[in-house]
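Colleague: Before I ask anything, here is the structure I am working with.
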Amino acid sequence: MKNETLDVLIVGAGAAGMMCAIEAGKRGRRVRVIDHARAPGEKIRISGGGRCNFTNLGTSGANFLSENPRFALSALKRFTQHDFLKMVERHGIAWHEKTLGQLFCDDSAKQIIRMLTDEMKAAGVTLSLGLGVTAISRSGDRFEVALDDGTCVSAASLVVATGGKSIPKMGSTGWGYEVARQFGLRLTETRPALVPLTFEPTLLEQLVPLAGVAVDAIVKTAPNSASSSPKGDRPQFKEAMLFTHRGLSGPSILQISSYWREGEAITVNMAPSEDVAARMLAAKTENGKQAVHTALGHIIPRRLAEVICAREGLAGKLAEIGDKKLRAMAETVNAWTVKPVGSEGYRTAEVTLGGVDTAALDQQTMEAKTVPGLFFIGEVVDVTGWLGGYNFQWAWSSGWAAGQSC
């Protein structure tokens with residue numbers, strides 16, 4: 001068996017792991033990053049439609065979910081979205097801002113990966129791909145890590161940056177949670193997040209004609225849901241929503257999925273800038289001969305208008321329909337309450353909600369409080385960002401924080 005002695009072994013060559021390696025390497029530490037994948041930064045490569053939504057200008061603690069929402073603040077404040085943007089600009093990577101502060105590469109997500117691998121190389125970091133861990137043990141103040149090529153690595157610091165369970169086709173396994181359990185660290189409940197929601201078969205059958213229809217929408221959790229605050233405040237997101245063959249998707253749905261729980265309903269306003277009841281009653285007065293679905297089709301997509309009218313049992317001319325029925329139909333548009341039966345799961349989830357309990361970690365360093373030298377960073381930790389570059393910023397910030405200490 002080959003033996004290797006290191007200062008830092010990082011498992012996971014994703015966003016957090018590579019950022020940590022860069023910072024540790026700059027400090028003169030002997031650092032090796034390993035990953036069972038054949039290429040580094042695979043989630044970076046596929047993100048943002050291949051252009052990588054690498055951060056968000058509006059990043060703050062309010063954009064993250066955790067049992068302890070304040071845990072992330074230290075790392076986020078010490079290595080900010082502006083710090084990462086300076087790094088991007090230093091490497092000459094052109095970028096643009098989309099809606100809601102989201103920053104993307106003009107060209108390709110591969111530029112971000114190249115930036116990180118170049119920075120690691122400059123910092124003297126060794127990157128080993130197609131390599132996994134078979135066993136971890138602790139000997140004195142060092143970790144003994146057996147790799148599947150027969151090497152045994154002795155490291156003063158072990159950094160777990162392996163992500164969660166989302167997108168298993170990329171190789172995600174939840175392995176980092178097993179390491180946490182091995183060393184006695186608590187895990188919070190894990191579940192798919194930023195994921196499309198699904199409907200039961202009867203409702204799906206009614207909505208089949210809408211597959212592919214998109215609308216701007218405000219989506220909320222239902223009153224009295226698990227995500228409601230003691231004041232009754234409910235998370236809400238105003239972004240695009242897409243009807244699919246399985247249920248609902250689009251940014252607003254992915255956002256609310258992080259707050260939604262099985263058995264709960266969501267409320268959707270499919271015409272957030274319109275008082276649909278007022279518009280329909282005005283249309284009835286101005287042109288009562290107009291078909292009801294035609295009038296509604298001036299406010300929302302025609303296919304959606306036709307399905308809603310059919311579900312409400314409304315047909316014929318506006319003049320022939322009572323105001324009460326028109327108001328009820330308008331309520332369906334402005335406040336459609338629907339109960340998903342599930343989500344599409346980890347297969348399509350962008351991130352994993354939950355993970356290594358933040359109470360077990362030092363928020364300054366990301367080091368396990370009871371296991372000196374053991375660090376957890378990125379998605380494996382119980383810190384989950386909104387859609388829009390927030391999860392990458394958590395990866396950069398938590399990786400940077402660990403890199404100062406590991």
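In the structure tokens, chains take letters A, B, ... by order of appearance, with residues numbered from 1 within each chain and ligands from 1 in the order shown.
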I'd like the neighbourhood of segment 152-163 of chain A as a CSV table (one decimal) with N, CA, C and O atoms, in the first residue's frame, where a residue qualifies if any of its atoms comes within 6 Å (using only C-alpha atoms), though same-chain residues fewer than 2 positions away should be ignored.

Modeller:
chain,number,residue,atom,x,y,z
A,3,ASN,N,1.7,5.1,0.8
A,3,ASN,CA,1.4,6.0,1.8
A,3,ASN,C,1.7,7.5,1.4
A,3,ASN,O,2.7,7.7,0.6
A,4,GLU,N,0.8,8.4,1.8
A,4,GLU,CA,1.0,9.8,1.4
A,4,GLU,C,0.7,10.6,2.7
A,4,GLU,O,-0.3,10.4,3.3
A,5,THR,N,1.5,11.6,2.9
A,5,THR,CA,1.3,12.5,4.1
A,5,THR,C,0.9,13.9,3.5
A,5,THR,O,1.7,14.5,2.7
A,6,LEU,N,-0.2,14.5,4.0
A,6,LEU,CA,-0.7,15.8,3.6
A,6,LEU,C,-1.1,16.6,4.8
A,6,LEU,O,-1.3,16.1,5.9
A,7,ASP,N,-1.2,17.9,4.5
A,7,ASP,CA,-1.8,18.8,5.5
A,7,ASP,C,-3.3,18.7,5.4
A,7,ASP,O,-4.0,18.7,6.4
A,8,VAL,N,-3.8,18.8,4.1
A,8,VAL,CA,-5.3,18.8,3.9
A,8,VAL,C,-5.7,17.9,2.8
A,8,VAL,O,-5.1,18.0,1.7
A,9,LEU,N,-6.6,17.0,3.1
A,9,LEU,CA,-7.3,16.2,2.0
A,9,LEU,C,-8.7,16.7,1.9
A,9,LEU,O,-9.5,16.7,2.9
A,10,ILE,N,-9.1,17.1,0.7
A,10,ILE,CA,-10.4,17.6,0.4
A,10,ILE,C,-11.1,16.6,-0.5
A,10,ILE,O,-10.6,16.2,-1.5
A,11,VAL,N,-12.3,16.1,0.0
A,11,VAL,CA,-13.0,15.1,-0.8
A,11,VAL,C,-14.2,15.9,-1.5
A,11,VAL,O,-15.1,16.3,-0.8
A,12,GLY,N,-14.1,16.0,-2.8
A,12,GLY,CA,-15.1,16.7,-3.5
A,12,GLY,C,-14.5,17.9,-4.3
A,12,GLY,O,-14.1,18.9,-3.7
A,17,GLY,N,-15.3,22.7,-2.6
A,17,GLY,CA,-14.0,22.0,-2.4
A,17,GLY,C,-12.9,22.7,-3.1
A,17,GLY,O,-11.8,22.8,-2.6
A,142,ARG,N,-4.6,12.9,13.5
A,142,ARG,CA,-4.6,12.8,12.1
A,142,ARG,C,-5.7,11.9,11.6
A,142,ARG,O,-6.1,11.0,12.3
A,143,PHE,N,-6.0,12.1,10.3
A,143,PHE,CA,-7.0,11.2,9.7
A,143,PHE,C,-6.3,10.3,8.7
A,143,PHE,O,-5.4,10.7,8.0
A,144,GLU,N,-6.6,9.0,8.8
A,144,GLU,CA,-6.1,8.0,7.9
A,144,GLU,C,-7.2,7.7,6.9
A,144,GLU,O,-8.2,7.1,7.3
A,145,VAL,N,-6.9,8.0,5.6
A,145,VAL,CA,-8.0,7.8,4.6
A,145,VAL,C,-7.5,6.9,3.5
A,145,VAL,O,-6.5,7.1,2.8
A,146,ALA,N,-8.2,5.7,3.4
A,146,ALA,CA,-7.9,4.7,2.4
A,146,ALA,C,-8.6,5.1,1.1
A,146,ALA,O,-9.8,5.3,1.1
A,176,GLY,N,-21.2,12.3,2.2
A,176,GLY,CA,-20.8,13.2,3.2
A,176,GLY,C,-21.6,13.0,4.5
A,176,GLY,O,-21.0,13.2,5.6
A,373,GLY,N,-10.0,19.2,13.1
A,373,GLY,CA,-9.5,18.9,11.8
A,373,GLY,C,-10.5,18.4,10.8
A,373,GLY,O,-10.2,18.2,9.6
A,374,LEU,N,-11.7,18.2,11.2
A,374,LEU,CA,-12.8,17.7,10.3
A,374,LEU,C,-13.7,18.8,9.9
A,374,LEU,O,-14.3,19.5,10.8
A,375,PHE,N,-13.8,19.1,8.6
A,375,PHE,CA,-14.6,20.3,8.1
A,375,PHE,C,-15.7,19.8,7.1
A,375,PHE,O,-15.5,18.8,6.4
A,376,PHE,N,-16.8,20.5,7.2
A,376,PHE,CA,-17.9,20.3,6.2
A,376,PHE,C,-18.2,21.6,5.6
A,376,PHE,O,-18.5,22.6,6.3
A,377,ILE,N,-18.3,21.6,4.2
A,377,ILE,CA,-18.6,22.8,3.5
A,377,ILE,C,-19.6,22.6,2.4
A,377,ILE,O,-19.7,21.5,1.9
A,379,GLU,N,-22.9,22.2,0.1
A,379,GLU,CA,-24.3,21.7,0.1
A,379,GLU,C,-24.5,20.6,1.2
A,379,GLU,O,-25.6,20.4,1.6
A,380,VAL,N,-23.4,20.0,1.6
A,380,VAL,CA,-23.5,18.9,2.6
A,380,VAL,C,-24.0,19.4,4.0
A,380,VAL,O,-24.5,18.7,4.8
A,406,CYS,N,-8.1,25.2,7.7
A,406,CYS,CA,-7.9,23.7,7.6
A,406,CYS,C,-6.4,23.4,7.3
A,406,CYS,O,-5.6,24.3,7.0

Colleague: In segment 78-206 of chain A, what's strand (DSSP E or B) per DSSP? Answer as a ChimeraX atom specification?

Modeller: /A:95-97,102-105,126-129,133-139,142-147,151-160,187,191-193,197-198

Colleague: So which residues touch Ala328 of chain A within 12 Å, counting only C-alpha atoms, skipping near sequence neighbours fewer than 3 positions away, as a PyMOL selection string?

Modeller: chain A and resi 276-278+280-281+308-309+311-314+321-325+331-336

Colleague: Any chance you can output those residues with N, CA and C atoms as an mmCIF file, in the first residue's frame?

Modeller:
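Saved the output as out36.cif:
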data_model
loop_
_atom_site.group_PDB
_atom_site.id
_atom_site.type_symbol
_atom_site.label_atom_id
_atom_site.label_comp_id
_atom_site.auth_asym_id
_atom_site.auth_seq_id
_atom_site.Cartn_x
_atom_site.Cartn_y
_atom_site.Cartn_z
ATOM 1 N N VAL A 276 -58.474 40.283 -11.930
ATOM 2 C CA VAL A 276 -59.196 39.555 -12.979
ATOM 3 C C VAL A 276 -60.706 39.758 -12.876
ATOM 4 N N ALA A 277 -61.220 39.801 -11.671
ATOM 5 C CA ALA A 277 -62.663 40.010 -11.501
ATOM 6 C C ALA A 277 -63.072 41.350 -12.105
ATOM 7 N N ALA A 278 -62.338 42.416 -11.801
ATOM 8 C CA ALA A 278 -62.655 43.741 -12.333
ATOM 9 C C ALA A 278 -62.570 43.758 -13.857
ATOM 10 N N MET A 280 -62.940 41.204 -15.952
ATOM 11 C CA MET A 280 -64.008 40.406 -16.553
ATOM 12 C C MET A 280 -65.366 41.109 -16.458
ATOM 13 N N LEU A 281 -65.622 41.749 -15.332
ATOM 14 C CA LEU A 281 -66.899 42.465 -15.185
ATOM 15 C C LEU A 281 -66.947 43.674 -16.115
ATOM 16 N N ILE A 308 -59.442 26.738 -17.642
ATOM 17 C CA ILE A 308 -60.091 27.275 -16.442
ATOM 18 C C ILE A 308 -61.596 27.396 -16.654
ATOM 19 N N CYS A 309 -62.008 27.901 -17.805
ATOM 20 C CA CYS A 309 -63.443 28.026 -18.085
ATOM 21 C C CYS A 309 -64.115 26.650 -18.089
ATOM 22 N N ARG A 311 -63.079 23.944 -16.458
ATOM 23 C CA ARG A 311 -63.109 23.422 -15.085
ATOM 24 C C ARG A 311 -64.181 24.117 -14.245
ATOM 25 N N GLU A 312 -64.454 25.380 -14.556
ATOM 26 C CA GLU A 312 -65.472 26.132 -13.821
ATOM 27 C C GLU A 312 -66.871 25.937 -14.409
ATOM 28 N N GLY A 313 -66.939 25.198 -15.530
ATOM 29 C CA GLY A 313 -68.239 24.953 -16.171
ATOM 30 C C GLY A 313 -68.829 26.194 -16.810
ATOM 31 N N LEU A 314 -67.958 27.081 -17.286
ATOM 32 C CA LEU A 314 -68.417 28.325 -17.901
ATOM 33 C C LEU A 314 -68.225 28.280 -19.408
ATOM 34 N N ILE A 321 -73.533 35.093 -18.284
ATOM 35 C CA ILE A 321 -72.926 34.526 -17.070
ATOM 36 C C ILE A 321 -73.071 35.507 -15.910
ATOM 37 N N GLY A 322 -73.525 35.019 -14.797
ATOM 38 C CA GLY A 322 -73.722 35.861 -13.625
ATOM 39 C C GLY A 322 -72.420 36.392 -13.057
ATOM 40 N N ASP A 323 -72.505 37.559 -12.428
ATOM 41 C CA ASP A 323 -71.311 38.183 -11.851
ATOM 42 C C ASP A 323 -70.649 37.289 -10.810
ATOM 43 N N LYS A 324 -71.451 36.571 -10.015
ATOM 44 C CA LYS A 324 -70.913 35.710 -8.972
ATOM 45 C C LYS A 324 -70.026 34.619 -9.568
ATOM 46 N N LYS A 325 -70.456 34.044 -10.683
ATOM 47 C CA LYS A 325 -69.669 32.995 -11.331
ATOM 48 C C LYS A 325 -68.388 33.565 -11.935
ATOM 49 N N GLU A 331 -61.210 34.279 -9.072
ATOM 50 C CA GLU A 331 -60.508 33.815 -7.877
ATOM 51 C C GLU A 331 -59.595 32.642 -8.222
ATOM 52 N N THR A 332 -60.022 31.809 -9.153
ATOM 53 C CA THR A 332 -59.196 30.685 -9.600
ATOM 54 C C THR A 332 -57.917 31.177 -10.262
ATOM 55 N N VAL A 333 -58.020 32.311 -10.948
ATOM 56 C CA VAL A 333 -56.837 32.869 -11.603
ATOM 57 C C VAL A 333 -55.938 33.591 -10.605
ATOM 58 N N ASN A 334 -56.524 34.439 -9.784
ATOM 59 C CA ASN A 334 -55.738 35.271 -8.866
ATOM 60 C C ASN A 334 -55.344 34.576 -7.566
ATOM 61 N N ALA A 335 -56.015 33.468 -7.240
ATOM 62 C CA ALA A 335 -55.692 32.766 -5.988
ATOM 63 C C ALA A 335 -56.056 31.292 -6.096
ATOM 64 N N TRP A 336 -55.378 30.608 -7.036
ATOM 65 C CA TRP A 336 -55.617 29.179 -7.240
ATOM 66 C C TRP A 336 -54.919 28.409 -6.122
#

Colleague: Quick one: everything within 8 Å of Arg347 of chain A, counting only C-alpha atoms, minus sequence neighbours fewer than 4 positions away in the same chain. Send it as a ChimeraX atom specification.

Modeller: /A:166-169

Colleague: Per residue of segment 276-357 of chain A within 10 Å of segment 193-198 of chain A, which atom pair is closest and at what distance in Å (one decimal), using only C-alpha atoms, listed by chain and increasing number, as JSON lines?

Modeller:
{"residue": "A:Lys339", "atom": "CA", "partner": "A:Thr198", "partner_atom": "CA", "distance": 9.1}
{"residue": "A:Pro340", "atom": "CA", "partner": "A:Thr198", "partner_atom": "CA", "distance": 5.5}
{"residue": "A:Val341", "atom": "CA", "partner": "A:Thr198", "partner_atom": "CA", "distance": 5.9}
{"residue": "A:Gly342", "atom": "CA", "partner": "A:Thr198", "partner_atom": "CA", "distance": 5.2}
{"residue": "A:Ser343", "atom": "CA", "partner": "A:Leu197", "partner_atom": "CA", "distance": 4.1}
{"residue": "A:Glu344", "atom": "CA", "partner": "A:Pro196", "partner_atom": "CA", "distance": 5.8}
{"residue": "A:Gly345", "atom": "CA", "partner": "A:Val195", "partner_atom": "CA", "distance": 6.9}
{"residue": "A:Tyr346", "atom": "CA", "partner": "A:Val195", "partner_atom": "CA", "distance": 7.9}
{"residue": "A:Arg347", "atom": "CA", "partner": "A:Val195", "partner_atom": "CA", "distance": 9.0}
{"residue": "A:Thr348", "atom": "CA", "partner": "A:Val195", "partner_atom": "CA", "distance": 6.3}
{"residue": "A:Ala349", "atom": "CA", "partner": "A:Val195", "partner_atom": "CA", "distance": 4.4}
{"residue": "A:Glu350", "atom": "CA", "partner": "A:Leu194", "partner_atom": "CA", "distance": 5.4}
{"residue": "A:Val351", "atom": "CA", "partner": "A:Ala193", "partner_atom": "CA", "distance": 5.4}
{"residue": "A:Thr352", "atom": "CA", "partner": "A:Ala193", "partner_atom": "CA", "distance": 5.4}
{"residue": "A:Leu353", "atom": "CA", "partner": "A:Ala193", "partner_atom": "CA", "distance": 5.5}
{"residue": "A:Gly354", "atom": "CA", "partner": "A:Ala193", "partner_atom": "CA", "distance": 9.3}

Colleague: Go ahead and dump the residues you just picked, N, CA and C atoms, as a compact mmCIF listing (two decimals), in the first residue's frame.

Modeller:
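Everything below was put into result.txt:
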# COMPACT_ATOMS: atom_id res chain seq x y z
N LYS A 339 -53.11 21.43 -4.12
CA LYS A 339 -52.30 20.62 -3.22
C LYS A 339 -51.46 19.62 -4.05
N PRO A 340 -50.16 19.89 -4.22
CA PRO A 340 -49.30 18.90 -4.89
C PRO A 340 -49.25 17.62 -4.06
N VAL A 341 -48.98 16.50 -4.72
CA VAL A 341 -48.85 15.24 -3.98
C VAL A 341 -47.39 14.89 -3.70
N GLY A 342 -46.49 15.56 -4.39
CA GLY A 342 -45.07 15.27 -4.18
C GLY A 342 -44.21 16.15 -5.06
N SER A 343 -42.95 15.76 -5.17
CA SER A 343 -42.02 16.47 -6.05
C SER A 343 -41.38 15.45 -6.99
N GLU A 344 -40.59 15.94 -7.93
CA GLU A 344 -39.89 15.03 -8.85
C GLU A 344 -38.66 14.40 -8.19
N GLY A 345 -38.39 14.78 -6.95
CA GLY A 345 -37.35 14.10 -6.19
C GLY A 345 -35.93 14.53 -6.53
N TYR A 346 -34.98 13.79 -5.97
CA TYR A 346 -33.57 14.15 -6.15
C TYR A 346 -33.13 14.08 -7.61
N ARG A 347 -33.87 13.36 -8.43
CA ARG A 347 -33.49 13.21 -9.85
C ARG A 347 -33.34 14.56 -10.53
N THR A 348 -34.25 15.50 -10.20
CA THR A 348 -34.21 16.81 -10.84
C THR A 348 -33.97 17.95 -9.86
N ALA A 349 -33.92 17.65 -8.56
CA ALA A 349 -33.71 18.70 -7.56
C ALA A 349 -32.35 19.37 -7.77
N GLU A 350 -32.32 20.69 -7.69
CA GLU A 350 -31.05 21.39 -7.87
C GLU A 350 -30.17 21.29 -6.64
N VAL A 351 -30.78 21.18 -5.47
CA VAL A 351 -30.00 21.08 -4.23
C VAL A 351 -30.72 20.16 -3.24
N THR A 352 -30.01 19.86 -2.16
CA THR A 352 -30.59 19.07 -1.07
C THR A 352 -30.82 20.00 0.12
N LEU A 353 -32.03 19.99 0.64
CA LEU A 353 -32.36 20.75 1.84
C LEU A 353 -31.92 19.95 3.06
N GLY A 354 -31.38 20.63 4.07
CA GLY A 354 -30.92 19.93 5.27
C GLY A 354 -29.50 19.43 5.12

Colleague: Which neighbours of Thr267 of chain A fall inside 9 Å, counting only C-alpha atoms, when residues of the same chain fewer than 2 positions from it are skipped, and could you give them as a list of chain:residue names?

Modeller: A:Ile218, A:Val219, A:Lys220, A:Thr221, A:Ala222, A:Pro223, A:Ala265, A:Asn269, A:Asn334, A:Ala335, A:Trp336, A:Thr337, A:Val338, A:Lys339

Colleague: For Glu306 of chain A, work out the shell of residues within 7 Å, counting only C-alpha atoms and skipping chain neighbours fewer than 4 positions away, then give it as an NGL selection string.

Modeller: :A and (293 or 302 or 310)

Colleague: Restrict the selected residues to all heavy atoms and save them as a PDB file, in the first residue's frame.

Modeller:
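What follows is the written file part_22.pdb:
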ATOM      1  N   HIS A 293     -64.287  32.598 -22.553  1.00  0.00           N
ATOM      2  CA  HIS A 293     -62.881  32.168 -22.629  1.00  0.00           C
ATOM      3  C   HIS A 293     -62.048  33.134 -23.465  1.00  0.00           C
ATOM      4  O   HIS A 293     -60.846  33.275 -23.253  1.00  0.00           O
ATOM      5  CB  HIS A 293     -62.770  30.736 -23.179  1.00  0.00           C
ATOM      6  CG  HIS A 293     -63.124  30.589 -24.617  1.00  0.00           C
ATOM      7  ND1 HIS A 293     -64.389  30.262 -25.038  1.00  0.00           N
ATOM      8  CD2 HIS A 293     -62.369  30.730 -25.747  1.00  0.00           C
ATOM      9  CE1 HIS A 293     -64.407  30.204 -26.360  1.00  0.00           C
ATOM     10  NE2 HIS A 293     -63.196  30.474 -26.810  1.00  0.00           N
ATOM     11  N   ARG A 302     -54.293  31.830 -23.788  1.00  0.00           N
ATOM     12  CA  ARG A 302     -55.586  31.323 -24.248  1.00  0.00           C
ATOM     13  C   ARG A 302     -55.854  29.883 -23.804  1.00  0.00           C
ATOM     14  O   ARG A 302     -56.947  29.546 -23.357  1.00  0.00           O
ATOM     15  CB  ARG A 302     -55.665  31.411 -25.779  1.00  0.00           C
ATOM     16  CG  ARG A 302     -57.022  30.981 -26.347  1.00  0.00           C
ATOM     17  CD  ARG A 302     -57.062  31.090 -27.865  1.00  0.00           C
ATOM     18  NE  ARG A 302     -58.353  30.636 -28.372  1.00  0.00           N
ATOM     19  CZ  ARG A 302     -59.432  31.385 -28.492  1.00  0.00           C
ATOM     20  NH1 ARG A 302     -59.380  32.659 -28.123  1.00  0.00           N
ATOM     21  NH2 ARG A 302     -60.554  30.899 -28.991  1.00  0.00           N
ATOM     22  N   ALA A 310     -63.432  25.665 -18.671  1.00  0.00           N
ATOM     23  CA  ALA A 310     -63.993  24.309 -18.708  1.00  0.00           C
ATOM     24  C   ALA A 310     -64.115  23.737 -17.297  1.00  0.00           C
ATOM     25  O   ALA A 310     -65.137  23.124 -16.947  1.00  0.00           O
ATOM     26  CB  ALA A 310     -63.122  23.414 -19.583  1.00  0.00           C
TER      27      ALA A 310
END
